[in-house]
$ cat model.tsv   # TSV, C-alpha atoms
chain	number	residue	atom	x	y	z
A	1	MET	CA	-12.14	-7.93	-21.11
A	2	PRO	CA	-11.37	-7.59	-17.39
A	3	ASN	CA	-12.22	-4.55	-15.33
A	4	THR	CA	-8.84	-4.15	-13.63
A	5	VAL	CA	-5.36	-4.98	-14.94
A	6	LEU	CA	-2.25	-4.99	-12.77
A	7	HIS	CA	0.69	-4.13	-15.04
A	8	ILE	CA	4.04	-5.19	-13.55
A	9	ASP	CA	7.42	-4.56	-15.17
A	10	SER	CA	10.62	-5.91	-13.67
A	11	SER	CA	13.29	-5.17	-16.28
A	12	PRO	CA	16.05	-2.80	-15.15
A	13	ARG	CA	16.25	-1.60	-18.75
A	14	PHE	CA	14.03	1.32	-19.70
A	15	ASN	CA	15.12	1.69	-23.32
A	16	ASP	CA	14.96	-1.22	-25.75
A	17	SER	CA	13.45	-3.55	-23.15
A	18	VAL	CA	11.64	-6.35	-24.94
A	19	SER	CA	9.61	-7.43	-21.91
A	20	ARG	CA	8.42	-3.83	-21.39
A	21	ASP	CA	7.40	-3.60	-25.05
A	22	LEU	CA	5.43	-6.82	-24.74
A	23	THR	CA	3.61	-5.89	-21.54
A	24	ALA	CA	2.71	-2.49	-22.97
A	25	ASP	CA	1.23	-4.22	-26.02
A	26	ILE	CA	-0.78	-6.67	-23.90
A	27	VAL	CA	-2.12	-3.99	-21.56
A	28	SER	CA	-3.03	-1.66	-24.45
A	29	ARG	CA	-5.40	-4.33	-25.76
A	30	HIS	CA	-7.48	-4.29	-22.58
A	31	ALA	CA	-9.56	-1.34	-23.73
A	32	GLY	CA	-11.57	0.35	-21.00
A	33	ALA	CA	-9.87	-1.50	-18.17
A	34	LYS	CA	-8.59	0.24	-15.07
A	35	VAL	CA	-4.80	-0.21	-15.09
A	36	ILE	CA	-2.73	-0.35	-11.91
A	37	ARG	CA	0.91	0.26	-12.78
A	38	ARG	CA	3.76	-1.19	-10.75
A	39	ASP	CA	7.29	-0.68	-12.10
A	40	LEU	CA	9.65	-2.69	-9.92
A	41	SER	CA	12.74	-0.99	-11.34
A	42	LYS	CA	11.59	2.61	-11.17
A	43	THR	CA	10.33	2.04	-7.62
A	44	PRO	CA	12.23	-0.95	-6.22
A	45	VAL	CA	10.56	-3.15	-3.64
A	46	PRO	CA	12.78	-3.78	-0.61
A	47	GLN	CA	13.88	-7.19	0.54
A	48	THR	CA	12.01	-8.71	3.44
A	49	THR	CA	13.64	-8.38	6.87
A	50	ASP	CA	13.42	-10.03	10.27
A	51	ALA	CA	11.00	-7.29	11.37
A	52	TRP	CA	8.88	-7.87	8.24
A	53	ILE	CA	8.66	-11.61	8.89
A	54	GLY	CA	7.68	-11.04	12.49
A	55	ALA	CA	4.98	-8.56	11.49
A	56	SER	CA	3.68	-10.76	8.67
A	57	PHE	CA	3.20	-13.76	10.93
A	58	THR	CA	1.58	-11.76	13.73
A	59	PRO	CA	-2.24	-11.79	13.51
A	60	ALA	CA	-3.48	-8.46	12.15
A	61	GLU	CA	-5.43	-7.66	15.29
A	62	ASP	CA	-2.31	-8.14	17.45
A	63	ARG	CA	0.16	-6.09	15.43
A	64	THR	CA	1.88	-3.12	17.02
A	65	ALA	CA	1.98	0.27	15.32
A	66	ASP	CA	5.58	-0.45	14.25
A	67	GLN	CA	4.57	-3.80	12.75
A	68	LYS	CA	1.70	-2.18	10.84
A	69	HIS	CA	4.13	0.42	9.52
A	70	THR	CA	6.59	-2.31	8.49
A	71	LEU	CA	3.87	-3.94	6.35
A	72	THR	CA	2.59	-0.72	4.73
A	73	LEU	CA	4.15	-1.33	1.32
A	74	SER	CA	3.43	-5.06	1.42
A	75	ASP	CA	-0.23	-4.32	2.17
A	76	GLU	CA	-0.33	-1.92	-0.79
A	77	LEU	CA	1.19	-4.53	-3.12
A	78	VAL	CA	-1.22	-7.20	-1.90
A	79	ASP	CA	-4.18	-4.82	-2.32
A	80	GLU	CA	-3.13	-4.22	-5.95
A	81	LEU	CA	-2.92	-7.94	-6.61
A	82	VAL	CA	-6.25	-8.67	-4.92
A	83	ALA	CA	-7.97	-5.90	-6.92
A	84	ALA	CA	-6.76	-7.17	-10.29
A	85	ASP	CA	-8.77	-9.42	-12.58
A	86	THR	CA	-5.76	-9.85	-14.86
A	87	VAL	CA	-2.08	-9.48	-13.99
A	88	VAL	CA	0.41	-8.76	-16.78
A	89	ILE	CA	4.00	-9.43	-15.72
A	90	GLY	CA	7.09	-8.47	-17.70
A	91	MET	CA	9.79	-10.99	-16.85
A	92	PRO	CA	13.20	-10.90	-18.45
A	93	MET	CA	15.27	-13.94	-17.58
A	94	TYR	CA	18.54	-13.27	-15.78
A	95	ASN	CA	20.93	-16.10	-14.99
A	96	PHE	CA	18.27	-18.71	-15.75
A	97	SER	CA	15.60	-17.36	-13.39
A	98	VAL	CA	13.44	-14.36	-12.47
A	99	PRO	CA	15.07	-10.94	-11.93
A	100	SER	CA	15.73	-9.96	-8.33
A	101	ALA	CA	13.23	-7.08	-8.57
A	102	LEU	CA	10.44	-9.57	-9.31
A	103	LYS	CA	11.61	-11.94	-6.57
A	104	ALA	CA	11.42	-9.09	-4.05
A	105	TRP	CA	7.79	-8.43	-5.14
A	106	ILE	CA	7.02	-12.14	-4.82
A	107	ASP	CA	8.33	-12.17	-1.25
A	108	GLN	CA	6.26	-9.09	-0.35
A	109	VAL	CA	2.95	-10.51	-1.65
A	110	ALA	CA	3.32	-14.00	-0.16
A	111	ARG	CA	1.30	-13.17	2.93
A	112	PRO	CA	-0.35	-15.71	5.25
A	113	GLY	CA	-3.93	-14.69	5.83
A	114	ARG	CA	-3.99	-12.37	2.83
A	115	THR	CA	-2.88	-14.32	-0.23
A	116	PHE	CA	-2.74	-17.84	1.22
A	117	ASN	CA	-3.71	-19.68	4.39
A	118	TYR	CA	-2.09	-22.54	6.24
A	119	THR	CA	-4.57	-25.33	6.93
A	120	GLU	CA	-4.37	-28.82	8.42
A	121	ASN	CA	-4.23	-30.09	4.84
A	122	GLY	CA	-1.45	-27.73	3.80
A	123	PRO	CA	-1.40	-24.21	2.35
A	124	VAL	CA	-4.39	-22.96	0.36
A	125	GLY	CA	-4.20	-20.02	-2.04
A	126	LEU	CA	-6.73	-17.22	-1.64
A	127	LEU	CA	-6.49	-15.56	-5.07
A	128	GLU	CA	-8.49	-17.90	-7.27
A	129	GLY	CA	-10.18	-16.65	-10.43
A	130	LYS	CA	-7.44	-14.36	-11.69
A	131	ARG	CA	-5.61	-14.56	-15.00
A	132	VAL	CA	-1.88	-13.94	-15.35
A	133	ILE	CA	-0.10	-13.25	-18.63
A	134	VAL	CA	3.68	-13.31	-18.40
A	135	ALA	CA	5.71	-11.59	-21.10
A	136	MET	CA	9.08	-13.32	-20.97
A	137	ALA	CA	12.28	-12.25	-22.70
A	138	THR	CA	15.47	-14.28	-22.87
A	139	GLY	CA	18.76	-13.77	-24.61
A	140	GLY	CA	19.64	-17.38	-25.29
A	141	VAL	CA	17.67	-19.75	-23.06
A	142	PRO	CA	14.59	-21.27	-24.75
A	143	GLN	CA	11.44	-20.89	-22.70
A	144	GLY	CA	10.48	-24.27	-21.23
A	145	SER	CA	13.95	-25.77	-21.64
A	146	ASP	CA	15.92	-27.51	-18.89
A	147	MET	CA	17.84	-24.26	-18.33
A	148	ASP	CA	14.66	-22.23	-17.78
A	149	PHE	CA	14.07	-22.12	-14.03
A	150	ALA	CA	11.88	-19.01	-14.27
A	151	THR	CA	8.76	-20.43	-15.94
A	152	ASN	CA	8.13	-23.31	-13.55
A	153	TYR	CA	9.06	-21.23	-10.52
A	154	LEU	CA	6.67	-18.39	-11.31
A	155	THR	CA	3.90	-20.80	-12.32
A	156	PHE	CA	4.29	-22.75	-9.08
A	157	PHE	CA	4.37	-19.60	-6.94
A	158	LEU	CA	1.22	-18.17	-8.53
A	159	GLY	CA	-0.49	-21.54	-8.11
A	160	PHE	CA	0.50	-21.45	-4.43
A	161	LEU	CA	-1.54	-18.23	-4.21
A	162	GLY	CA	-4.47	-19.93	-5.97
A	163	ILE	CA	-3.83	-18.48	-9.43
A	164	THR	CA	-3.80	-21.34	-11.93
A	165	ASP	CA	-4.68	-19.48	-15.16
A	166	VAL	CA	-1.09	-18.53	-16.07
A	167	GLN	CA	-0.02	-18.08	-19.68
A	168	PHE	CA	3.35	-17.13	-21.13
A	169	VAL	CA	4.31	-15.28	-24.28
A	170	ALA	CA	8.03	-15.58	-24.86
A	171	ALA	CA	10.51	-13.66	-26.92
A	172	ASP	CA	13.29	-16.18	-26.39
A	173	GLY	CA	16.58	-16.47	-28.21
A	174	LEU	CA	16.83	-12.71	-28.71
A	175	ASN	CA	20.62	-12.87	-29.02
A	176	ALA	CA	20.36	-15.18	-32.02
A	177	ASP	CA	17.37	-13.66	-33.84
A	178	GLU	CA	15.84	-10.60	-32.19
A	179	ALA	CA	13.39	-9.83	-34.97
A	180	GLY	CA	12.19	-13.42	-35.10
A	181	ALA	CA	11.86	-13.67	-31.31
A	182	ARG	CA	9.86	-10.44	-31.14
A	183	ALA	CA	7.60	-11.57	-33.99
A	184	LYS	CA	6.98	-14.93	-32.33
A	185	ALA	CA	5.98	-13.20	-29.09
A	186	LYS	CA	3.66	-10.77	-30.90
A	187	ASN	CA	1.98	-13.67	-32.71
A	188	ALA	CA	1.52	-15.42	-29.35
A	189	ILE	CA	-0.08	-12.28	-27.92
A	190	ASN	CA	-2.44	-12.06	-30.89
A	191	ALA	CA	-3.48	-15.70	-30.48
A	192	LEU	CA	-3.82	-15.46	-26.71
A	193	LEU	CA	-5.97	-12.35	-26.65
A	194	ALA	CA	-8.04	-13.38	-29.65
A	195	ALA	CA	-9.09	-16.46	-27.70
A	196	ALA	CA	-10.00	-14.44	-24.59
$ encode --input "model.tsv" --output "structure tokens"
Amino acid sequence: MPNTVLHIDSSPRFNDSVSRDLTADIVSRHAGAKVIRRDLSKTPVPQTTDAWIGASFTPAEDRTADQKHTLTLSDELVDELVAADTVVIGMPMYNFSVPSALKAWIDQVARPGRTFNYTENGPVGLLEGKRVIVAMATGGVPQGSDMDFATNYLTFFLGFLGITDVQFVAADGLNADEAGARAKAKNAINALLAAA
């Protein structure tokens, strides 16, 4: 099992959240690991701003004190991601895509020079060798269907950062059969972690 797990939840629901239940189950099975906890609903991540963009694209050695301050939280989020061997992300689907809390985190960790580099051959991710497990919960949209814009988006984004070992466990169709959807996701977790 990995040494460090970054546990990210993005559901605005604290009670009866399926994605939170699933991430807690996954993380609990990483016995002995150091766990970094990031709850994007309890402590929301702000949207990026014009000042943030300017600071992010300024070389680190040239940043002003104000620019360094602007990137304080972003640096902390990137440090957490860099430190993790495994990242466990709770991702409920809202309106066919990722929740806004998760999108804000994505924008904060997409950092040139830290998580990816621009090269003459295009961007290159800097976070190779990590594993991501995404616990996905949907009310009615089947994971992987034409209406699911979350799975491909998150997979592509993580790949952009160099993370290509991305696996999903989905409790989809909760509105039709909650017990069945939860059981399917638990079985997927069992299979996924048994093979680790």
$ residues_around --input "model.tsv" --residues "Gln108 in chain A" --least-positions-apart "3" --cutoff "10 Å" --atoms "only C-alpha atoms" --output "JSON, numbers by chain"
{"A": [45, 46, 47, 48, 52, 53, 56, 71, 73, 74, 75, 76, 77, 78, 102, 103, 104, 105, 111]}
$ atom_distance --input "model.tsv" --atom1 "CA of Ala176 in chain A" --atom2 "CA of Gly139 in chain A"
7.7 Å
$ residues_around --input "model.tsv" --residues "range 25-30 of chain A" --least-positions-apart "4" --cutoff "12 Å" --atoms "only C-alpha atoms" --output "PDB file with C-alpha atoms, in the coordinates of the input"
ATOM      1  CA  MET A   1     -12.140  -7.930 -21.110  1.00  0.00           C
ATOM      2  CA  PRO A   2     -11.370  -7.590 -17.390  1.00  0.00           C
ATOM      3  CA  ASN A   3     -12.220  -4.550 -15.330  1.00  0.00           C
ATOM      4  CA  THR A   4      -8.840  -4.150 -13.630  1.00  0.00           C
ATOM      5  CA  VAL A   5      -5.360  -4.980 -14.940  1.00  0.00           C
ATOM      6  CA  LEU A   6      -2.250  -4.990 -12.770  1.00  0.00           C
ATOM      7  CA  HIS A   7       0.690  -4.130 -15.040  1.00  0.00           C
ATOM      8  CA  ILE A   8       4.040  -5.190 -13.550  1.00  0.00           C
ATOM      9  CA  ASP A   9       7.420  -4.560 -15.170  1.00  0.00           C
ATOM     10  CA  VAL A  18      11.640  -6.350 -24.940  1.00  0.00           C
ATOM     11  CA  SER A  19       9.610  -7.430 -21.910  1.00  0.00           C
ATOM     12  CA  ARG A  20       8.420  -3.830 -21.390  1.00  0.00           C
ATOM     13  CA  ASP A  21       7.400  -3.600 -25.050  1.00  0.00           C
ATOM     14  CA  LYS A  34      -8.590   0.240 -15.070  1.00  0.00           C
ATOM     15  CA  VAL A  35      -4.800  -0.210 -15.090  1.00  0.00           C
ATOM     16  CA  ILE A  36      -2.730  -0.350 -11.910  1.00  0.00           C
ATOM     17  CA  ARG A  37       0.910   0.260 -12.780  1.00  0.00           C
ATOM     18  CA  ASP A  85      -8.770  -9.420 -12.580  1.00  0.00           C
ATOM     19  CA  THR A  86      -5.760  -9.850 -14.860  1.00  0.00           C
ATOM     20  CA  VAL A  87      -2.080  -9.480 -13.990  1.00  0.00           C
ATOM     21  CA  VAL A  88       0.410  -8.760 -16.780  1.00  0.00           C
ATOM     22  CA  ILE A  89       4.000  -9.430 -15.720  1.00  0.00           C
ATOM     23  CA  GLY A  90       7.090  -8.470 -17.700  1.00  0.00           C
ATOM     24  CA  VAL A 132      -1.880 -13.940 -15.350  1.00  0.00           C
ATOM     25  CA  ILE A 133      -0.100 -13.250 -18.630  1.00  0.00           C
ATOM     26  CA  VAL A 134       3.680 -13.310 -18.400  1.00  0.00           C
ATOM     27  CA  ALA A 135       5.710 -11.590 -21.100  1.00  0.00           C
ATOM     28  CA  PHE A 168       3.350 -17.130 -21.130  1.00  0.00           C
ATOM     29  CA  VAL A 169       4.310 -15.280 -24.280  1.00  0.00           C
ATOM     30  CA  ARG A 182       9.860 -10.440 -31.140  1.00  0.00           C
ATOM     31  CA  ALA A 185       5.980 -13.200 -29.090  1.00  0.00           C
ATOM     32  CA  LYS A 186       3.660 -10.770 -30.900  1.00  0.00           C
ATOM     33  CA  ASN A 187       1.980 -13.670 -32.710  1.00  0.00           C
ATOM     34  CA  ALA A 188       1.520 -15.420 -29.350  1.00  0.00           C
ATOM     35  CA  ILE A 189      -0.080 -12.280 -27.920  1.00  0.00           C
ATOM     36  CA  ASN A 190      -2.440 -12.060 -30.890  1.00  0.00           C
ATOM     37  CA  ALA A 191      -3.480 -15.700 -30.480  1.00  0.00           C
ATOM     38  CA  LEU A 192      -3.820 -15.460 -26.710  1.00  0.00           C
ATOM     39  CA  LEU A 193      -5.970 -12.350 -26.650  1.00  0.00           C
ATOM     40  CA  ALA A 194      -8.040 -13.380 -29.650  1.00  0.00           C
ATOM     41  CA  ALA A 196     -10.000 -14.440 -24.590  1.00  0.00           C
TER      42      ALA A 196
END
$ closest_residue --input "model.tsv" --among "A:Ser41, A:Asn15, A:Ser100, A:Thr151" --to "Ala170 in chain A" --atoms "only C-alpha atoms"
A:Thr151
$ closest_residue --input "model.tsv" --among "A:Val141, A:Leu127, A:Ala24, A:Leu154" --to "Ala84 in chain A" --atoms "all atoms listed in the file"
A:Leu127
$ closest_residue --input "model.tsv" --among "A:Ala179, A:Leu81, A:Met147, A:Val124" --to "Ser97 in chain A" --atoms "all atoms listed in the file"
A:Met147
$ atom_distance --input "model.tsv" --atom1 "CA of Leu22 in chain A" --atom2 "CA of Asp39 in chain A"
14.2 Å
$ closest_residue --input "model.tsv" --among "A:Leu126, A:Leu158, A:Met136, A:Ala55" --to "Tyr94 in chain A" --atoms "all atoms listed in the file"
A:Met136
$ closest_residue --input "model.tsv" --among "A:Phe156, A:Gly140, A:Pro59, A:Lys130" --to "Asp177 in chain A" --atoms "only C-alpha atoms"
A:Gly140
$ atom_distance --input "model.tsv" --atom1 "CA of Gln143 in chain A" --atom2 "CA of Asp172 in chain A"
6.3 Å
$ closest_residue --input "model.tsv" --among "A:Leu40, A:Ala195, A:Leu161, A:Ala60" --to "Asn117 in chain A" --atoms "all atoms listed in the file"
A:Leu161
$ axis_aligned_box --input "model.tsv" --around "range 18-21 of chain A" --padding-each-side "5 Å" --output "lines of an AutoDock Vina configuration file"
center_x = 9.5
center_y = -5.5
center_z = -23.2
size_x = 14.2
size_y = 13.8
size_z = 13.7
